[in-house]
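Enquirer: Structure file model_8.cif (mmCIF, C-alpha atoms) right here:
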data_query
#
loop_
_atom_site.group_PDB
_atom_site.id
_atom_site.type_symbol
_atom_site.label_atom_id
_atom_site.label_comp_id
_atom_site.auth_asym_id
_atom_site.auth_seq_id
_atom_site.Cartn_x
_atom_site.Cartn_y
_atom_site.Cartn_z
ATOM 1 C CA MET L 1 0.000 0.000 0.000
ATOM 2 C CA ALA L 2 1.273 3.450 -0.939
ATOM 3 C CA THR L 3 0.313 6.956 0.069
ATOM 4 C CA VAL L 4 -0.747 8.907 -3.017
ATOM 5 C CA LEU L 5 -1.436 12.622 -3.390
ATOM 6 C CA VAL L 6 -3.864 13.518 -6.185
ATOM 7 C CA THR L 7 -3.929 17.160 -7.225
ATOM 8 C CA GLY L 8 -7.317 18.192 -8.541
ATOM 9 C CA GLY L 9 -8.664 15.305 -6.489
ATOM 10 C CA ALA L 10 -12.122 16.824 -6.028
ATOM 11 C CA GLY L 11 -12.696 17.264 -9.772
ATOM 12 C CA SER L 12 -14.636 14.870 -11.985
ATOM 13 C CA MET L 13 -11.588 12.921 -13.186
ATOM 14 C CA GLY L 14 -9.803 13.343 -9.860
ATOM 15 C CA ARG L 15 -12.630 11.693 -7.945
ATOM 16 C CA LEU L 16 -12.573 8.668 -10.233
ATOM 17 C CA VAL L 17 -8.806 8.357 -9.841
ATOM 18 C CA CYS L 18 -9.005 8.735 -6.057
ATOM 19 C CA THR L 19 -11.742 6.105 -5.840
ATOM 20 C CA ARG L 20 -9.792 3.606 -7.922
ATOM 21 C CA LEU L 21 -6.604 4.174 -5.919
ATOM 22 C CA ALA L 22 -8.490 3.735 -2.645
ATOM 23 C CA LYS L 23 -10.055 0.484 -3.913
ATOM 24 C CA ALA L 24 -6.517 -0.706 -4.621
ATOM 25 C CA ARG L 25 -5.870 -0.141 -0.886
ATOM 26 C CA HIS L 26 -3.706 2.954 -1.281
ATOM 27 C CA ALA L 27 -4.015 5.787 1.212
ATOM 28 C CA VAL L 28 -5.176 8.724 -0.886
ATOM 29 C CA LYS L 29 -5.060 12.466 -0.282
ATOM 30 C CA ALA L 30 -7.305 14.562 -2.543
ATOM 31 C CA PHE L 31 -5.639 17.969 -2.875
ATOM 32 C CA ASP L 32 -7.804 20.753 -4.255
ATOM 33 C CA LEU L 33 -8.806 24.344 -3.627
ATOM 34 C CA SER L 34 -10.695 25.053 -0.414
ATOM 35 C CA THR L 35 -13.620 26.208 -2.562
ATOM 36 C CA ALA L 36 -13.884 22.756 -4.180
ATOM 37 C CA ASP L 37 -16.669 20.356 -3.249
ATOM 38 C CA PHE L 38 -15.076 17.524 -1.277
ATOM 39 C CA ALA L 39 -18.419 15.983 -0.315
ATOM 40 C CA GLY L 40 -18.874 12.298 -1.040
ATOM 41 C CA LEU L 41 -15.233 11.275 -1.375
ATOM 42 C CA SER L 42 -14.731 7.521 -1.204
ATOM 43 C CA ASN L 43 -13.633 5.705 1.926
ATOM 44 C CA GLY L 44 -9.876 5.815 2.174
ATOM 45 C CA VAL L 45 -9.682 9.259 0.550
ATOM 46 C CA THR L 46 -8.784 12.237 2.733
ATOM 47 C CA ALA L 47 -9.741 15.764 1.704
ATOM 48 C CA LEU L 48 -6.764 18.105 1.681
ATOM 49 C CA PRO L 49 -7.650 21.719 0.839
ATOM 50 C CA GLY L 50 -4.772 23.762 -0.562
ATOM 51 C CA ASP L 51 -3.536 25.974 -3.349
ATOM 52 C CA LEU L 52 -1.328 24.523 -6.078
ATOM 53 C CA THR L 53 0.456 27.861 -6.440
ATOM 54 C CA SER L 54 1.334 28.033 -2.724
ATOM 55 C CA VAL L 55 4.774 26.601 -1.950
ATOM 56 C CA SER L 56 3.882 26.019 1.691
ATOM 57 C CA ASP L 57 0.603 24.258 0.849
ATOM 58 C CA VAL L 58 2.272 21.961 -1.664
ATOM 59 C CA GLU L 59 5.258 21.185 0.556
ATOM 60 C CA ALA L 60 2.906 20.231 3.379
ATOM 61 C CA ALA L 61 0.837 18.084 1.010
ATOM 62 C CA VAL L 62 3.736 16.031 -0.359
ATOM 63 C CA HIS L 63 5.203 15.082 3.011
ATOM 64 C CA GLY L 64 5.285 11.317 3.402
ATOM 65 C CA VAL L 65 3.799 10.425 0.013
ATOM 66 C CA ASP L 66 5.028 7.633 -2.215
ATOM 67 C CA ALA L 67 3.510 9.089 -5.389
ATOM 68 C CA VAL L 68 1.902 12.239 -6.717
ATOM 69 C CA VAL L 69 -0.747 12.183 -9.441
ATOM 70 C CA HIS L 70 -0.830 15.683 -10.895
ATOM 71 C CA LEU L 71 -4.196 16.320 -12.556
ATOM 72 C CA ALA L 72 -4.953 19.890 -11.496
ATOM 73 C CA ALA L 73 -4.913 22.411 -14.346
ATOM 74 C CA ILE L 74 -6.786 25.279 -15.919
ATOM 75 C CA LEU L 75 -8.559 23.719 -18.905
ATOM 76 C CA PRO L 76 -9.889 25.121 -22.184
ATOM 77 C CA PRO L 77 -11.644 27.365 -22.945
ATOM 78 C CA LEU L 78 -10.602 29.251 -19.789
ATOM 79 C CA ALA L 79 -6.921 28.410 -20.330
ATOM 80 C CA ASP L 80 -7.028 30.180 -23.685
ATOM 81 C CA GLN L 81 -8.921 33.166 -22.295
ATOM 82 C CA GLN L 82 -6.968 33.820 -19.093
ATOM 83 C CA ILE L 83 -3.376 33.406 -20.211
ATOM 84 C CA GLU L 84 -1.661 34.511 -16.999
ATOM 85 C CA LEU L 85 -3.890 32.346 -14.787
ATOM 86 C CA ALA L 86 -3.191 29.264 -16.909
ATOM 87 C CA GLN L 87 0.540 29.957 -16.827
ATOM 88 C CA ARG L 88 0.512 30.409 -13.053
ATOM 89 C CA VAL L 89 -1.503 27.283 -12.300
ATOM 90 C CA ASN L 90 -0.441 24.901 -15.060
ATOM 91 C CA VAL L 91 3.251 25.735 -15.384
ATOM 92 C CA THR L 92 4.291 27.418 -12.134
ATOM 93 C CA GLY L 93 2.132 24.963 -10.190
ATOM 94 C CA THR L 94 3.918 22.032 -11.816
ATOM 95 C CA GLN L 95 7.307 23.564 -10.985
ATOM 96 C CA ILE L 96 6.229 23.994 -7.360
ATOM 97 C CA ILE L 97 5.217 20.328 -7.170
ATOM 98 C CA VAL L 98 8.504 19.170 -8.690
ATOM 99 C CA ASP L 99 10.542 21.364 -6.342
ATOM 100 C CA ALA L 100 8.582 20.168 -3.301
ATOM 101 C CA MET L 101 9.022 16.521 -4.269
ATOM 102 C CA LYS L 102 12.755 16.916 -4.879
ATOM 103 C CA LYS L 103 13.088 18.578 -1.479
ATOM 104 C CA HIS L 104 10.916 16.288 0.632
ATOM 105 C CA VAL L 105 10.196 13.007 -1.246
ATOM 106 C CA PRO L 106 12.849 12.662 -3.970
ATOM 107 C CA LYS L 107 12.161 8.943 -4.448
ATOM 108 C CA ALA L 108 8.414 9.350 -4.962
ATOM 109 C CA ARG L 109 6.897 8.884 -8.420
ATOM 110 C CA LEU L 110 5.220 11.753 -10.280
ATOM 111 C CA VAL L 111 2.417 10.869 -12.712
ATOM 112 C CA PHE L 112 1.637 13.887 -14.872
ATOM 113 C CA SER L 113 -1.597 14.191 -16.829
ATOM 114 C CA SER L 114 -0.773 15.879 -20.124
ATOM 115 C CA SER L 115 -2.567 16.147 -23.453
ATOM 116 C CA VAL L 116 -2.147 15.206 -27.098
ATOM 117 C CA SER L 117 -2.694 18.910 -27.786
ATOM 118 C CA VAL L 118 1.071 19.348 -27.305
ATOM 119 C CA TYR L 119 1.428 18.007 -30.874
ATOM 120 C CA GLY L 120 -0.661 20.867 -32.229
ATOM 121 C CA THR L 121 -2.649 20.101 -35.377
ATOM 122 C CA PRO L 122 -1.012 16.967 -36.822
ATOM 123 C CA ASP L 123 -0.730 15.741 -40.387
ATOM 124 C CA ASN L 124 -3.854 13.663 -41.002
ATOM 125 C CA ASP L 125 -1.904 11.018 -42.935
ATOM 126 C CA ASN L 126 0.473 9.938 -40.177
ATOM 127 C CA GLU L 127 0.192 8.240 -36.809
ATOM 128 C CA ILE L 128 1.587 10.346 -34.007
ATOM 129 C CA SER L 129 4.380 8.871 -31.895
ATOM 130 C CA VAL L 130 5.718 10.292 -28.641
ATOM 131 C CA SER L 131 8.878 11.294 -30.494
ATOM 132 C CA GLN L 132 6.865 13.833 -32.493
ATOM 133 C CA ASN L 133 8.091 17.365 -31.829
ATOM 134 C CA TYR L 134 6.023 19.765 -29.796
ATOM 135 C CA ASP L 135 3.947 22.115 -31.939
ATOM 136 C CA PRO L 136 1.394 23.675 -29.548
ATOM 137 C CA ASP L 137 -0.877 26.215 -31.212
ATOM 138 C CA ASP L 138 -2.943 27.489 -28.293
ATOM 139 C CA ASN L 139 -2.172 28.569 -24.758
ATOM 140 C CA TYR L 140 -3.420 25.421 -23.039
ATOM 141 C CA ALA L 141 -1.218 23.224 -25.230
ATOM 142 C CA LYS L 142 1.742 25.524 -24.622
ATOM 143 C CA THR L 143 1.336 25.239 -20.850
ATOM 144 C CA LYS L 144 1.163 21.445 -21.093
ATOM 145 C CA ALA L 145 4.311 21.310 -23.233
ATOM 146 C CA GLU L 146 6.177 23.572 -20.787
ATOM 147 C CA SER L 147 4.979 21.503 -17.846
ATOM 148 C CA GLU L 148 6.061 18.267 -19.509
ATOM 149 C CA GLN L 149 9.566 19.621 -19.853
ATOM 150 C CA ILE L 150 9.637 20.532 -16.179
ATOM 151 C CA VAL L 151 8.627 16.958 -15.300
ATOM 152 C CA VAL L 152 10.899 15.038 -17.685
ATOM 153 C CA ASN L 153 13.931 17.161 -16.779
ATOM 154 C CA SER L 154 13.282 16.973 -13.034
ATOM 155 C CA GLY L 155 15.289 13.823 -12.356
ATOM 156 C CA LEU L 156 12.272 12.385 -10.533
ATOM 157 C CA ASP L 157 10.779 8.966 -11.165
ATOM 158 C CA SER L 158 8.131 10.274 -13.543
ATOM 159 C CA CYS L 159 5.489 9.239 -16.040
ATOM 160 C CA VAL L 160 3.911 11.654 -18.540
ATOM 161 C CA LEU L 161 0.549 10.640 -19.976
ATOM 162 C CA ARG L 162 -0.533 12.434 -23.153
ATOM 163 C CA ILE L 163 -4.269 11.817 -23.025
ATOM 164 C CA SER L 164 -6.416 12.041 -26.143
ATOM 165 C CA GLY L 165 -9.996 13.290 -26.284
ATOM 166 C CA VAL L 166 -11.965 11.568 -23.523
ATOM 167 C CA SER L 167 -15.301 9.960 -24.393
ATOM 168 C CA ILE L 168 -17.695 9.703 -21.451
ATOM 169 C CA PRO L 169 -20.388 6.982 -21.604
ATOM 170 C CA VAL L 170 -23.080 9.440 -20.509
ATOM 171 C CA PHE L 171 -25.552 11.301 -22.695
ATOM 172 C CA GLN L 172 -24.498 14.881 -23.332
ATOM 173 C CA GLU L 173 -25.973 17.511 -25.621
ATOM 174 C CA PRO L 174 -23.991 17.675 -28.866
ATOM 175 C CA PRO L 175 -21.580 20.612 -28.941
ATOM 176 C CA ALA L 176 -22.378 23.709 -30.975
ATOM 177 C CA GLU L 177 -19.411 22.709 -33.131
ATOM 178 C CA TRP L 178 -17.670 19.350 -33.141
ATOM 179 C CA PRO L 179 -13.965 20.018 -32.390
ATOM 180 C CA PHE L 180 -12.604 18.366 -35.548
ATOM 181 C CA LEU L 181 -13.217 18.109 -39.282
ATOM 182 C CA PRO L 182 -15.519 15.436 -40.805
ATOM 183 C CA ASP L 183 -12.628 13.706 -42.584
ATOM 184 C CA GLN L 184 -10.100 14.134 -39.770
ATOM 185 C CA ASN L 185 -8.616 11.027 -38.164
ATOM 186 C CA ILE L 186 -9.547 10.774 -34.498
ATOM 187 C CA GLU L 187 -8.727 8.211 -31.827
ATOM 188 C CA PHE L 188 -10.392 9.110 -28.576
ATOM 189 C CA VAL L 189 -10.160 7.173 -25.312
ATOM 190 C CA HIS L 190 -12.873 5.886 -22.991
ATOM 191 C CA ARG L 191 -13.011 7.840 -19.738
ATOM 192 C CA ASP L 192 -12.457 4.683 -17.694
ATOM 193 C CA ASP L 193 -9.400 3.785 -19.783
ATOM 194 C CA ALA L 194 -7.904 7.225 -19.151
ATOM 195 C CA VAL L 195 -8.419 6.549 -15.443
ATOM 196 C CA ASN L 196 -6.867 3.090 -15.897
ATOM 197 C CA ALA L 197 -3.717 4.668 -17.320
ATOM 198 C CA ILE L 198 -3.420 7.276 -14.576
ATOM 199 C CA VAL L 199 -3.919 4.750 -11.782
ATOM 200 C CA ALA L 200 -1.540 2.224 -13.349
ATOM 201 C CA GLY L 201 1.085 4.933 -13.698
ATOM 202 C CA VAL L 202 1.441 5.051 -9.914
ATOM 203 C CA SER L 203 2.976 1.597 -9.608
ATOM 204 C CA ALA L 204 3.771 0.311 -13.117
ATOM 205 C CA LYS L 205 7.292 -0.831 -13.888
ATOM 206 C CA LEU L 206 8.446 1.807 -16.332
ATOM 207 C CA ASN L 207 11.401 1.918 -18.680
ATOM 208 C CA ASP L 208 12.875 4.698 -20.785
ATOM 209 C CA SER L 209 10.406 4.057 -23.605
ATOM 210 C CA THR L 210 7.345 4.255 -21.336
ATOM 211 C CA ARG L 211 8.154 7.414 -19.407
ATOM 212 C CA VAL L 212 6.033 9.327 -21.938
ATOM 213 C CA VAL L 213 2.933 7.541 -23.252
ATOM 214 C CA ASN L 214 0.140 8.385 -25.682
ATOM 215 C CA VAL L 215 -3.065 7.408 -23.904
ATOM 216 C CA SER L 216 -5.661 6.698 -26.590
ATOM 217 C CA GLY L 217 -8.329 4.094 -27.221
ATOM 218 C CA GLY L 218 -6.574 1.668 -29.534
ATOM 219 C CA LEU L 219 -7.425 0.268 -32.952
ATOM 220 C CA THR L 220 -11.199 0.044 -32.466
ATOM 221 C CA TRP L 221 -11.294 3.765 -31.685
ATOM 222 C CA ARG L 222 -9.629 4.770 -34.961
ATOM 223 C CA MET L 223 -12.117 6.495 -37.259
ATOM 224 C CA THR L 224 -12.947 9.796 -38.873
ATOM 225 C CA GLY L 225 -14.810 12.603 -37.215
ATOM 226 C CA SER L 226 -17.885 12.029 -39.367
ATOM 227 C CA GLN L 227 -18.115 8.366 -38.302
ATOM 228 C CA TYR L 228 -17.958 9.323 -34.625
ATOM 229 C CA VAL L 229 -20.683 11.914 -35.068
ATOM 230 C CA ALA L 230 -22.867 9.607 -37.177
ATOM 231 C CA ASP L 231 -22.739 6.900 -34.501
ATOM 232 C CA TYR L 232 -23.657 9.392 -31.790
ATOM 233 C CA PHE L 233 -26.428 11.058 -33.756
ATOM 234 C CA GLY L 234 -27.804 7.671 -34.726
ATOM 235 C CA MET L 235 -28.434 6.840 -31.071
ATOM 236 C CA ILE L 236 -30.290 10.088 -30.434
ATOM 237 C CA GLU L 237 -32.139 9.921 -33.780
ATOM 238 C CA VAL L 238 -30.645 13.062 -35.270
ATOM 239 C CA ASP L 239 -29.665 13.369 -38.922
ATOM 240 C CA PRO L 240 -25.831 13.405 -39.142
ATOM 241 C CA SER L 241 -26.115 15.964 -41.932
ATOM 242 C CA ASP L 242 -27.227 18.445 -39.254
ATOM 243 C CA ALA L 243 -23.821 18.242 -37.573
ATOM 244 C CA ILE L 244 -21.735 21.407 -37.475
ATOM 245 C CA TYR L 245 -17.964 20.988 -37.489
ATOM 246 C CA GLN L 246 -15.345 23.585 -36.662
ATOM 247 C CA SER L 247 -13.644 25.162 -39.662
ATOM 248 C CA ASP L 248 -10.096 24.116 -38.725
ATOM 249 C CA PRO L 249 -8.648 20.715 -37.771
ATOM 250 C CA GLY L 250 -8.659 19.846 -34.077
ATOM 251 C CA HIS L 251 -5.834 18.509 -31.927
ATOM 252 C CA PHE L 252 -6.580 14.907 -32.825
ATOM 253 C CA SER L 253 -5.103 12.084 -34.860
ATOM 254 C CA TRP L 254 -4.297 8.377 -34.591
ATOM 255 C CA TYR L 255 -1.601 7.544 -32.060
ATOM 256 C CA THR L 256 1.088 4.918 -31.609
ATOM 257 C CA GLU L 257 1.196 3.556 -28.078
ATOM 258 C CA GLU L 258 4.711 2.071 -28.389
ATOM 259 C CA GLY L 259 4.426 -0.422 -25.556
ATOM 260 C CA GLY L 260 2.530 1.899 -23.263
ATOM 261 C CA ASN L 261 -0.570 -0.294 -23.186
ATOM 262 C CA ALA L 262 1.501 -3.390 -22.403
ATOM 263 C CA VAL L 263 2.803 -1.588 -19.313
ATOM 264 C CA LEU L 264 -0.311 0.311 -18.207
ATOM 265 C CA GLU L 265 -2.966 -2.120 -19.557
ATOM 266 C CA HIS L 266 -5.371 0.781 -19.883
ATOM 267 C CA GLN L 267 -7.172 -0.107 -23.116
ATOM 268 C CA GLN L 268 -10.013 -2.160 -21.623
ATOM 269 C CA ASN L 269 -13.089 -0.598 -23.251
ATOM 270 C CA SER L 270 -13.401 -0.948 -27.022
ATOM 271 C CA TYR L 271 -15.334 1.536 -29.111
ATOM 272 C CA PRO L 272 -18.218 -0.936 -29.673
ATOM 273 C CA GLN L 273 -18.414 -1.442 -25.903
ATOM 274 C CA TYR L 274 -18.523 2.324 -25.443
ATOM 275 C CA LEU L 275 -21.418 2.583 -27.897
ATOM 276 C CA GLU L 276 -23.288 -0.147 -26.005
ATOM 277 C CA GLN L 277 -22.731 1.638 -22.700
ATOM 278 C CA LEU L 278 -23.908 4.925 -24.158
ATOM 279 C CA GLN L 279 -26.979 3.321 -25.712
ATOM 280 C CA ASP L 280 -27.862 1.727 -22.365
ATOM 281 C CA GLU L 281 -27.587 5.151 -20.718
ATOM 282 C CA ILE L 282 -29.796 6.764 -23.350
ATOM 283 C CA ASP L 283 -32.373 3.946 -23.023
ATOM 284 C CA ARG L 284 -32.410 4.412 -19.259
ATOM 285 C CA LEU L 285 -33.006 8.135 -19.621
ATOM 286 C CA MET L 286 -35.860 7.496 -22.048
ATOM 287 C CA GLU L 287 -37.534 5.163 -19.541
ATOM 288 C CA ASP L 288 -37.396 7.667 -16.659
#
Show how you would write the structure in this file as structure tokens.
Expert:
Amino acid sequence: MATVLVTGGAGSMGRLVCTRLAKARHAVKAFDLSTADFAGLSNGVTALPGDLTSVSDVEAAVHGVDAVVHLAAILPPLADQQIELAQRVNVTGTQIIVDAMKKHVPKARLVFSSSVSVYGTPDNDNEISVSQNYDPDDNYAKTKAESEQIVVNSGLDSCVLRISGVSIPVFQEPPAEWPFLPDQNIEFVHRDDAVNAIVAGVSAKLNDSTRVVNVSGGLTWRMTGSQYVADYFGMIEVDPSDAIYQSDPGHFSWYTEEGGNAVLEHQQNSYPQYLEQLQDEIDRLMED
């Protein structure tokens, strides 16, 4: 059993990660702002209010931990609207965590939740490997790329997870614009598989080739944007021709996992399984 600090632990993804870690019999500390809603945390998860940009708060939080899962960040669209805030939280906050760990728990592992947006808008004809150069084209992606460099150059036992678009098996209203082109290659990842990767990163036996991993769904999740939308609209009985796509390509492609799945074993929900789960959720809502 390890003691694990989860930054952003009261958020939607953070709660799932904390719950899974606690079920694996780890002692978990959910670190989040004092204004966050800590109600309903799982047994084995301790609420720890604090500010990621406060050196004293972070140093106190990391004392005695065996691992840190760093999820907290300012996300789009806010990250692209409030540039200074995103820089302070996403980049400076990551540096504060790294410095605190090096000072107090230098042997602890750091699992950093990053994003495939660090690649920018990729060439639609090629799979994206982790050796692809950074090419961030918005502020959020830039902060993730900067933060990655802080982590990989820290000398800590670290794991960087570049997570693709996350598909949640819950009915949601279609966006005003789908964040990709109809003919663009996309390979999203099931929400539970993203959680699988993050949780596995805490204790997996890593090597040099799995210190940075593309976390995506796998072969069954490889499709074009129009196929993804058609499948979704089909379940809610909407004509796919009514879909509105953004005018520029999104930060999505197909991704090579290069041994990452063999180590993290995160790809456990295929795209057909996701569609079944989503259909079951929609059917349940229709019955209520």
Enquirer: If we count all atoms listed in the file and set the cut-off at 9 Å, which residues sit around stretch 280-287 of chain L, ignoring sequence neighbours fewer than 6 positions away in its own chain? Please answer as a list of chain:residue names.
Expert: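 Contacts, with the query itself left out: L:Pro169, L:Val170, L:Phe171, L:Met235, L:Ile236.
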Enquirer: Near L:Pro77, within 12 Å and counting all atoms listed in the file, which residues show up once chain neighbours fewer than 6 positions away are dropped, as a list of chain:residue names?
Expert: L:Ile83, L:Ala86, L:Asp138, L:Asn139, L:Tyr140, L:Ala141
Enquirer: Taking only C-alpha atoms into account, which of L:Ile163, L:Ala79, L:Val111, L:Leu71 comes nearest L:Lys142?
Expert: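 Among the listed residues, the smallest separation from L:Lys142 belongs to L:Ala79.
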Enquirer: Under the PyMOL selection byres ((chain L and resi 251) around 10), which residues of this model are included? Write them out as an mmCIF file with C-alpha atoms, in the coordinates of the input.
Expert:
data_model
loop_
_atom_site.group_PDB
_atom_site.id
_atom_site.type_symbol
_atom_site.label_atom_id
_atom_site.label_comp_id
_atom_site.auth_asym_id
_atom_site.auth_seq_id
_atom_site.Cartn_x
_atom_site.Cartn_y
_atom_site.Cartn_z
ATOM 1 C CA SER L 115 -2.567 16.147 -23.453
ATOM 2 C CA VAL L 116 -2.147 15.206 -27.098
ATOM 3 C CA SER L 117 -2.694 18.910 -27.786
ATOM 4 C CA VAL L 118 1.071 19.348 -27.305
ATOM 5 C CA TYR L 119 1.428 18.007 -30.874
ATOM 6 C CA GLY L 120 -0.661 20.867 -32.229
ATOM 7 C CA THR L 121 -2.649 20.101 -35.377
ATOM 8 C CA PRO L 122 -1.012 16.967 -36.822
ATOM 9 C CA PRO L 136 1.394 23.675 -29.548
ATOM 10 C CA ASP L 137 -0.877 26.215 -31.212
ATOM 11 C CA ALA L 141 -1.218 23.224 -25.230
ATOM 12 C CA SER L 164 -6.416 12.041 -26.143
ATOM 13 C CA GLY L 165 -9.996 13.290 -26.284
ATOM 14 C CA PRO L 179 -13.965 20.018 -32.390
ATOM 15 C CA PHE L 180 -12.604 18.366 -35.548
ATOM 16 C CA GLN L 184 -10.100 14.134 -39.770
ATOM 17 C CA ILE L 186 -9.547 10.774 -34.498
ATOM 18 C CA ASP L 248 -10.096 24.116 -38.725
ATOM 19 C CA PRO L 249 -8.648 20.715 -37.771
ATOM 20 C CA GLY L 250 -8.659 19.846 -34.077
ATOM 21 C CA PHE L 252 -6.580 14.907 -32.825
ATOM 22 C CA SER L 253 -5.103 12.084 -34.860
#
Enquirer: In Å to one decimal, how far is atom CA of L:Leu278 from atom CA of L:Gly260?
Expert: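 Atom CA of L:Gly260 sits 26.6 Å away from atom CA of L:Leu278.
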Enquirer: Evaluate the PyMOL selection byres ((chain L and resi 11) around 12) here and jot the selected residues down as a PyMOL selection string.
Expert: chain L and resi 6-10+12-19+30-33+35-41+47+71-75
Enquirer: Can you list, as a list in words, the residues that the PyMOL selection byres ((chain L and resi 93) around 10) selects here?
Expert: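 Going through the file, the PyMOL selection byres ((chain L and resi 93) around 10) ends up selecting Asp51, Leu52, Thr53, Ser54, Val55, Val58, His70, Ala72, Ala73, Ala86, Gln87, Arg88, Val89, Asn90, Val91, Thr92, Thr94, Gln95, Ile96, Ile97, Val98, Asp99 and Ser147 of chain L.
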Enquirer: Kindly extract all protein, DNA and RNA residues lying within 6 Å of the coordinates (8.9, 11.0, -19.1) given in the file, considering only C-alpha atoms, and supply them as a list in words.
Expert: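 Using only C-alpha atoms, the matching residues come out as Val152, Ser158, Cys159, Val160, Arg211 and Val212 of chain L.
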Enquirer: Any idea what's packed within 12 Å of stretch 256-259 of chain L, counting only C-alpha atoms, ignoring anything in its chain fewer than 6 positions away? Could you give it as a PyMOL selection string?
Expert: chain L and resi 116+126-132+161-164+187+197+206-219+222+265-267
Enquirer: If I take atom CA of L:Lys23 and atom CA of L:Glu148, how far is one from the other in Å, to one decimal?
Expert: 28.6 Å
Enquirer: Work out how far apart atom CA of L:Val202 and atom CA of L:Ser56 are and give it in Å to one decimal.
Expert: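 For atom CA of L:Val202 relative to atom CA of L:Ser56, the distance reads 24.1 Å.
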Enquirer: For L:Val28, which residue among L:Val189, L:Ile150, L:Val263, L:Val199 is the nearest when counting all atoms listed in the file?
Expert: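 Among L:Val189, L:Ile150, L:Val263, L:Val199, it is L:Val199 that comes nearest to L:Val28.
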Enquirer: Using all atoms listed in the file, which of the listed residues (L:Asn261, L:Ser167, L:Ser241, L:Pro174) sits closest to L:Leu275?
Expert: L:Ser167
